[in-house]
Every structure is written in C-alpha cells, then in structure tokens.
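Engineer: Got a structure for you, coords.txt, holding compact mmCIF, C-alpha atoms.
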# COMPACT_ATOMS: atom_id res chain seq x y z
CA MET A 1 -96.82 108.36 49.91
CA ASN A 2 -94.95 108.75 46.68
CA PRO A 3 -97.33 107.80 43.85
CA ASN A 4 -94.43 106.07 42.12
CA SER A 5 -93.55 103.95 45.14
CA THR A 6 -93.30 100.21 44.65
CA ILE A 7 -96.12 99.69 47.13
CA GLN A 8 -98.55 102.00 45.39
CA THR A 9 -97.55 100.70 41.99
CA GLY A 10 -98.05 97.12 43.15
CA ILE A 11 -101.45 97.87 44.67
CA ARG A 12 -102.62 99.65 41.54
CA ALA A 13 -101.47 96.75 39.38
CA ALA A 14 -103.35 94.27 41.59
CA LEU A 15 -106.47 96.44 41.44
CA GLN A 16 -106.20 96.79 37.68
CA LYS A 17 -106.00 93.04 37.23
CA HIS A 18 -108.51 91.87 39.86
CA GLY A 19 -110.41 94.86 41.24
CA ARG A 20 -113.07 95.16 38.51
CA LEU A 21 -113.35 98.85 39.37
CA SER A 22 -115.51 101.31 37.51
CA VAL A 23 -112.60 103.74 37.56
CA ASP A 24 -109.03 103.52 36.30
CA ALA A 25 -107.01 101.76 38.97
CA LEU A 26 -103.83 103.40 37.75
CA SER A 27 -105.11 106.91 38.35
CA VAL A 28 -107.74 106.62 41.10
CA ALA A 29 -106.96 108.79 44.13
CA PRO A 30 -105.11 106.90 46.86
CA ASP A 31 -107.76 107.84 49.41
CA ALA A 32 -110.74 107.10 47.15
CA ASN A 33 -113.30 104.64 48.48
CA LEU A 34 -112.76 101.55 46.34
CA TYR A 35 -116.01 99.90 47.43
CA GLU A 36 -117.87 102.87 46.03
CA ALA A 37 -115.84 102.35 42.86
CA GLY A 38 -117.17 98.82 42.53
CA LEU A 39 -114.78 96.69 44.55
CA THR A 40 -116.61 93.58 45.79
CA SER A 41 -115.67 91.32 48.68
CA HIS A 42 -114.66 88.62 46.21
CA CYS A 43 -112.50 91.03 44.23
CA SER A 44 -110.83 92.20 47.43
CA VAL A 45 -109.86 88.59 48.15
CA ASN A 46 -108.28 88.33 44.72
CA VAL A 47 -106.44 91.60 45.28
CA MET A 48 -105.25 90.36 48.66
CA LEU A 49 -103.90 87.11 47.20
CA THR A 50 -102.14 89.05 44.46
CA LEU A 51 -100.48 91.38 46.96
CA GLU A 52 -99.45 88.44 49.14
CA ALA A 53 -97.72 86.77 46.22
CA GLN A 54 -96.19 89.99 44.98
CA PHE A 55 -94.74 91.09 48.31
CA ASP A 56 -94.27 87.63 49.86
CA ILE A 57 -96.39 88.42 52.90
CA GLU A 58 -99.61 87.17 54.46
CA PHE A 59 -102.34 89.46 55.71
CA ALA A 60 -103.12 88.72 59.35
CA ASP A 61 -106.77 88.31 60.27
CA HIS A 62 -107.01 91.72 61.92
CA LEU A 63 -105.99 93.32 58.62
CA LEU A 64 -108.80 91.67 56.64
CA THR A 65 -111.06 94.68 57.00
CA ARG A 66 -113.00 96.99 54.76
CA GLU A 67 -110.86 99.84 56.06
CA VAL A 68 -107.69 98.18 54.76
CA PHE A 69 -109.04 97.15 51.36
CA GLY A 70 -111.26 100.18 50.96
CA SER A 71 -108.50 102.40 49.63
CA ILE A 72 -105.01 102.31 48.18
CA ASN A 73 -103.77 104.16 51.24
CA GLY A 74 -105.35 101.55 53.50
CA MET A 75 -103.62 98.68 51.73
CA ALA A 76 -100.33 100.58 51.61
CA LYS A 77 -100.45 101.21 55.35
CA ALA A 78 -101.16 97.53 56.00
CA LEU A 79 -98.29 96.43 53.76
CA GLN A 80 -95.92 98.75 55.59
CA GLU A 81 -97.21 97.41 58.90
CA MET A 82 -96.25 93.94 57.63
CA GLY A 83 -92.75 95.13 56.99
CA VAL A 84 -92.87 95.71 53.27
CA VAL A 85 -90.16 98.24 52.50
CA ASP A 86 -91.11 100.91 50.04
CA ALA A 87 -88.57 101.58 47.31
CA THR A 88 -89.09 104.70 45.26
CA MET B 1 -140.28 78.00 75.08
CA LEU B 2 -138.48 80.29 72.71
CA PRO B 3 -140.44 81.77 69.85
CA PRO B 4 -139.90 80.18 66.46
CA ALA B 5 -137.63 82.01 64.08
CA PHE B 6 -140.48 83.19 61.89
CA GLN B 7 -141.87 85.24 64.73
CA ILE B 8 -138.73 87.24 65.34
CA SER B 9 -140.07 90.29 63.52
CA THR B 10 -143.31 90.41 65.46
CA PRO B 11 -142.99 92.79 68.38
CA PRO B 12 -143.34 93.29 71.21
CA THR B 13 -142.07 90.87 73.84
CA ASN B 14 -143.35 87.36 73.59
CA THR B 15 -144.31 86.06 76.98
CA GLN B 16 -147.53 84.22 76.20
CA HIS B 17 -145.70 80.88 76.38
CA GLY B 18 -143.70 81.82 79.45
CA ALA B 19 -140.67 82.87 77.43
CA MET B 20 -137.98 84.65 79.36
CA PHE B 21 -136.45 86.20 76.27
CA ASP B 22 -137.46 88.47 73.52
CA TRP B 23 -135.70 88.87 70.19
CA ARG B 24 -134.27 91.97 68.72
CA PRO B 25 -134.67 92.37 64.95
CA PRO B 26 -132.34 89.88 63.26
CA PHE B 27 -128.84 90.69 62.16
CA LEU B 28 -129.24 90.05 58.45
CA GLY B 29 -126.68 89.60 55.70
CA ILE B 30 -126.93 88.55 52.06
CA ASP B 31 -124.34 87.95 49.36
CA VAL B 32 -124.39 86.89 45.75
CA VAL B 33 -121.38 85.39 44.00
CA SER B 34 -120.58 84.72 40.38
CA ILE B 35 -119.75 81.03 40.02
CA ALA B 36 -117.59 81.79 36.98
CA ARG B 37 -115.53 84.25 39.02
CA ILE B 38 -114.96 81.68 41.74
CA LYS B 39 -113.75 79.36 39.00
CA LYS B 40 -111.42 82.08 37.76
CA SER B 41 -110.06 82.70 41.27
CA LEU B 42 -109.26 79.01 41.54
CA ALA B 43 -107.58 79.11 38.15
CA ASP B 44 -105.60 82.24 39.08
CA PHE B 45 -104.62 81.35 42.64
CA GLY B 46 -105.16 77.60 42.91
CA GLU B 47 -104.74 76.04 46.32
CA ARG B 48 -103.91 79.38 47.94
CA PHE B 49 -107.46 80.55 47.26
CA GLU B 50 -108.94 77.27 48.50
CA GLN B 51 -106.86 77.07 51.65
CA ARG B 52 -107.25 80.71 52.57
CA ILE B 53 -111.01 80.74 52.29
CA PHE B 54 -112.33 77.22 52.87
CA THR B 55 -111.92 74.61 55.59
CA PRO B 56 -110.85 71.04 54.79
CA GLN B 57 -114.44 69.92 55.46
CA GLU B 58 -115.85 72.46 53.04
CA LEU B 59 -113.42 71.38 50.35
CA GLN B 60 -114.32 67.76 50.97
CA ASP B 61 -118.06 68.54 50.83
CA ALA B 62 -117.55 70.37 47.53
CA GLY B 63 -116.67 67.05 45.92
CA HIS B 64 -114.70 66.39 42.78
CA ASP B 65 -117.22 67.08 40.04
CA ALA B 66 -115.92 70.31 38.52
CA VAL B 67 -119.31 71.94 37.98
CA VAL B 68 -120.78 70.95 41.33
CA LYS B 69 -117.60 71.91 43.15
CA MET B 70 -117.72 75.46 41.76
CA GLU B 71 -121.40 75.83 42.69
CA ARG B 72 -120.78 74.62 46.21
CA LEU B 73 -117.68 76.70 46.79
CA ALA B 74 -119.44 79.78 45.41
CA ALA B 75 -122.38 79.21 47.77
CA ARG B 76 -120.02 78.74 50.70
CA PHE B 77 -118.11 81.89 49.83
CA ALA B 78 -121.43 83.75 49.69
CA ALA B 79 -122.33 82.33 53.11
CA LYS B 80 -119.12 83.61 54.65
CA GLU B 81 -119.62 87.07 53.18
CA ALA B 82 -123.27 87.11 54.21
CA ALA B 83 -122.20 86.28 57.77
CA ILE B 84 -119.57 89.04 57.71
CA LYS B 85 -122.29 91.47 56.67
CA ALA B 86 -124.87 90.17 59.13
CA PHE B 87 -122.54 90.45 62.10
CA SER B 88 -120.71 93.62 60.95
CA LEU B 89 -117.39 91.78 60.99
CA GLY B 90 -116.00 93.72 58.04
CA SER B 91 -114.65 96.39 60.35
CA ILE B 92 -113.04 93.88 62.70
CA GLY B 93 -111.29 91.49 60.36
CA VAL B 94 -111.91 87.76 60.63
CA ASN B 95 -110.56 84.60 59.14
CA TRP B 96 -112.92 83.20 56.49
CA ARG B 97 -112.25 79.70 57.82
CA ASP B 98 -113.77 80.71 61.15
CA LEU B 99 -117.06 80.75 59.23
CA GLU B 100 -117.66 77.18 58.11
CA VAL B 101 -120.58 75.73 56.21
CA VAL B 102 -121.25 72.09 56.97
CA ARG B 103 -124.12 69.76 56.23
CA ARG B 104 -126.47 68.29 58.77
CA PRO B 105 -127.22 64.58 58.41
CA ASP B 106 -130.37 65.51 56.49
CA GLY B 107 -128.27 67.51 54.01
CA ALA B 108 -129.30 70.99 55.14
CA PRO B 109 -126.37 73.43 55.35
CA ILE B 110 -125.60 75.08 58.66
CA LEU B 111 -123.07 77.71 59.61
CA LEU B 112 -120.50 76.88 62.28
CA ILE B 113 -118.52 79.73 63.79
CA HIS B 114 -115.11 79.11 65.28
CA GLY B 115 -112.16 80.80 66.91
CA LYS B 116 -111.91 84.53 67.34
CA THR B 117 -115.13 85.06 65.41
CA SER B 118 -117.02 82.90 67.88
CA THR B 119 -115.63 85.00 70.71
CA ILE B 120 -116.74 88.18 68.98
CA LEU B 121 -120.28 86.91 68.52
CA THR B 122 -120.43 85.86 72.16
CA LYS B 123 -119.42 89.37 73.19
CA ILE B 124 -122.06 90.88 70.90
CA GLY B 125 -124.62 88.53 72.41
CA ILE B 126 -125.58 86.68 69.25
CA THR B 127 -126.38 83.16 70.34
CA SER B 128 -127.97 81.58 67.30
CA TRP B 129 -128.14 82.10 63.59
CA ALA B 130 -129.66 80.64 60.47
CA LEU B 131 -128.26 80.10 57.00
CA SER B 132 -129.86 79.58 53.62
CA LEU B 133 -128.00 78.85 50.39
CA SER B 134 -129.12 78.79 46.79
CA HIS B 135 -127.63 78.69 43.34
CA ASP B 136 -129.00 78.84 39.85
CA GLY B 137 -127.24 79.31 36.56
CA ASP B 138 -124.26 81.59 36.94
CA HIS B 139 -124.76 82.70 40.52
CA ALA B 140 -124.86 81.44 44.08
CA THR B 141 -126.35 83.32 46.98
CA ALA B 142 -126.59 83.05 50.74
CA VAL B 143 -128.54 84.68 53.53
CA VAL B 144 -127.49 84.67 57.17
CA ALA B 145 -129.71 85.84 60.02
CA GLY B 146 -128.34 86.17 63.53
CA LEU B 147 -130.53 86.26 66.59
CA GLN B 148 -129.81 88.16 69.76
CA PRO B 149 -132.03 87.25 72.68
CA VAL B 150 -132.63 89.92 75.28
CA PRO B 151 -134.04 89.30 78.73
CA VAL B 152 -137.51 90.63 79.39
CA PRO B 153 -139.08 91.28 82.75
CA PHE B 154 -141.29 88.45 83.92
CA HIS B 155 -144.81 89.54 84.78
CA PRO B 156 -146.88 86.58 85.89
In structure tokens, how does this file's structure come out?
Structural biologist:
Amino acid sequence: MNPNSTIQTGIRAALQKHGRLSVDALSVAPDANLYEAGLTSHCSVNVMLTLEAQFDIEFADHLLTREVFGSINGMAKALQEMGVVDAT
Amino acid sequence: MLPPAFQISTPPTNTQHGAMFDWRPPFLGIDVVSIARIKKSLADFGERFEQRIFTPQELQDAGHDAVVKMERLAARFAAKEAAIKAFSLGSIGVNWRDLEVVRRPDGAPILLIHGKTSTILTKIGITSWALSLSHDGDHATAVVAGLQPVPVPFHP
C-alpha cells in the first residue's frame, strides 16, 4: 500500500495520538508488530474509536482481533474490507 | 461432587468423592488498567467509549460519583481483557459487551458471558469461570480463570 495513502496516514495519526508506542508511529514499518512496540489492549480501543470517527465506519466484532490491530497493514486491510476507499 | 476451585491445580484425577470429572489446568488471564487513562478515554470519546465497551447494567453499577465510576469502569475493562486473554479470544474477535461484570446480591462481582462469546466458550468446553477484581490508587486489575471439566473413566 502506498505509504502516503489516506488510510495509512489516518492509521498512523491515530497511533501517534492514542497508541502510546515506543516507536515513532509516523515511520514504523507497516508490517511491524505494534503490540511488541507497546500497544496495549486499551490503547487499541482508543485507536479503533479514532479510526471509526475518522472514516465513519464501525468495526464488526470479527475484526476486533489482535491480528487486525497488531499492525498498520492489518488495520488498513480491515478498513478496506469495510469499504473505506483509499485516496492517494 | 465436583472438586472445589482451589484444588484445580492438584493432579491427577479426583475420584475420591465419586467425581465424574477432572479439571484441566485453568485458563488464566490477568489485566491491569490505568484508571486515569480510562478517564481520558471517556473525555476523548465520551458515550461512544462507554457504549462500545460497557453494558447498560455495568454503566448503572458504576454509579454517578466521578471517582468511583472511573475505578469501577477501569476494573470492568480489566475484567473483559482478562477474559479475552484467559479464553484466547483475541484471535477470534468478540464484542466487549458479551463479557459483562455484574454484582451478586452479596456484592461480589461475577462475569456473565453472552452471545457469540458464550457459543465460543461452549465449543471450547469451558463451563465455568471465576473473576476477581481489585483497584488501588491509579490502577485497577482483574483476574479471570476458566475451568474445563474433562470426563474421567470411572473405576469403582
């Protein structure tokens, strides 16, 4: 995925504000394990709520997994599955 | 008679009282939550955070005193996450409101499991579980232990 895509940019912004990561959310690799970078379950909820507001969607229960919130790519894939259109 | 919970880690099979079941080691989960961060989530997301995570009963039980409410919601959030860990639900994806903390008449908290999550636990074979909550100062914590009975051969 294009690193400048609106989805990736939105995810990184949500992580920067609510992720409490030990790494820079703006430059962390899209496939990096965010839980290993300090993401907690509570922080992932905050990130989820931020993404829902930003993209006007709601994560279905089956998407509330560590696989989805464990990486930028995981969240991006879920957002696309929910119909979020990526503008680059 | 089933063995009391405190004997679940004492192998092997327990048949001395005529029990027809043994217990596998408990499914155990623990979580600790910053009360201040729960307060910040409520400030940042308001009702969306409350309604996404907590049931109407949990919100009612939290009360209206600002300090007590934060402590109780933090403990309940910890309970839900402890249950997700205990039952390995993080790879399946469940609704937090399926995991509900309510009070028994004597005030002790218990964990009710609803909906799809209940179905999952039934499939896994977890038939009972225990919950403990605590909070002190800035943090709340919860432990959930799930029990999975397994049939044992009966040897009179």
Engineer: (-88.1, 100.9, 42.9) in this file's frame - what residues fall within 8 Å of it? Use all atoms listed in the file and give the answer as an mmCIF file with C-alpha atoms, in the coordinates of the input.
Structural biologist:
data_model
loop_
_atom_site.group_PDB
_atom_site.id
_atom_site.type_symbol
_atom_site.label_atom_id
_atom_site.label_comp_id
_atom_site.auth_asym_id
_atom_site.auth_seq_id
_atom_site.Cartn_x
_atom_site.Cartn_y
_atom_site.Cartn_z
ATOM 1 C CA SER A 5 -93.550 103.950 45.140
ATOM 2 C CA THR A 6 -93.300 100.210 44.650
ATOM 3 C CA ASP A 86 -91.110 100.910 50.040
ATOM 4 C CA ALA A 87 -88.570 101.580 47.310
ATOM 5 C CA THR A 88 -89.090 104.700 45.260
#
Engineer: Can you tell me how far atom CA of B:Ile35 sits from atom CA of B:Ala74, in Å to one decimal?
Structural biologist: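 Calculated distance between atom CA of B:Ile35 and atom CA of B:Ala74 is 5.5 Å.
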Engineer: Mind listing as a PyMOL selection string which residues of chain B are within 7 Å of chain A, counting all atoms listed in the file?
Structural biologist: chain B and resi 41+90-95
Engineer: Take atom CA of A:Leu15 and atom CA of B:Asp98 and report the distance between them in Å, one decimal.
Structural biologist: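 Straight-line distance from atom CA of A:Leu15 to atom CA of B:Asp98 works out to 26.3 Å.
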Engineer: Go ahead and compute the interatomic distance for atom CA of A:Arg12 and atom CA of B:Phe54, in Å to one decimal.
Structural biologist: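 Separating atom CA of A:Arg12 from atom CA of B:Phe54 is a distance of 26.9 Å.
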Engineer: Could you list, as a PyMOL selection string, every residue within 12 Å of A:Gln8, counting all atoms listed in the file and ignoring same-chain residues fewer than 3 positions away?
Structural biologist: chain A and resi 1-5+11-15+25-31+51+55+71-80+84-88
Engineer: Quick one: residues within 7 Å of (-111.5, 96.0, 46.4) (file frame), counting all atoms listed in the file, please, as a PDB file with C-alpha atoms, keeping the file's coordinate frame.
Structural biologist:
ATOM      1  CA  GLY A  19    -110.410  94.860  41.240  1.00  0.00           C
ATOM      2  CA  LEU A  34    -112.760 101.550  46.340  1.00  0.00           C
ATOM      3  CA  TYR A  35    -116.010  99.900  47.430  1.00  0.00           C
ATOM      4  CA  LEU A  39    -114.780  96.690  44.550  1.00  0.00           C
ATOM      5  CA  THR A  40    -116.610  93.580  45.790  1.00  0.00           C
ATOM      6  CA  SER A  41    -115.670  91.320  48.680  1.00  0.00           C
ATOM      7  CA  CYS A  43    -112.500  91.030  44.230  1.00  0.00           C
ATOM      8  CA  SER A  44    -110.830  92.200  47.430  1.00  0.00           C
ATOM      9  CA  VAL A  47    -106.440  91.600  45.280  1.00  0.00           C
ATOM     10  CA  PHE A  69    -109.040  97.150  51.360  1.00  0.00           C
ATOM     11  CA  GLY A  70    -111.260 100.180  50.960  1.00  0.00           C
TER      12      GLY A  70
END
Engineer: Need the shell around stretch 128-133 of chain B: protein/DNA/RNA residues with any atom at most 10 Å away, counting all atoms listed in the file. Skip same-chain ones fewer than 4 positions apart. Format as a VMD selection string?
Structural biologist: chain B and resid 5 26 to 32 72 74 to 76 78 to 79 82 to 83 86 101 108 to 113 121 to 122 140 to 149
Engineer: My list of candidates is B:Val102, B:Ala36, B:Leu89, B:Ala43. Which is closest to B:Asp61 when distances are computed with all atoms listed in the file?
Structural biologist: B:Val102
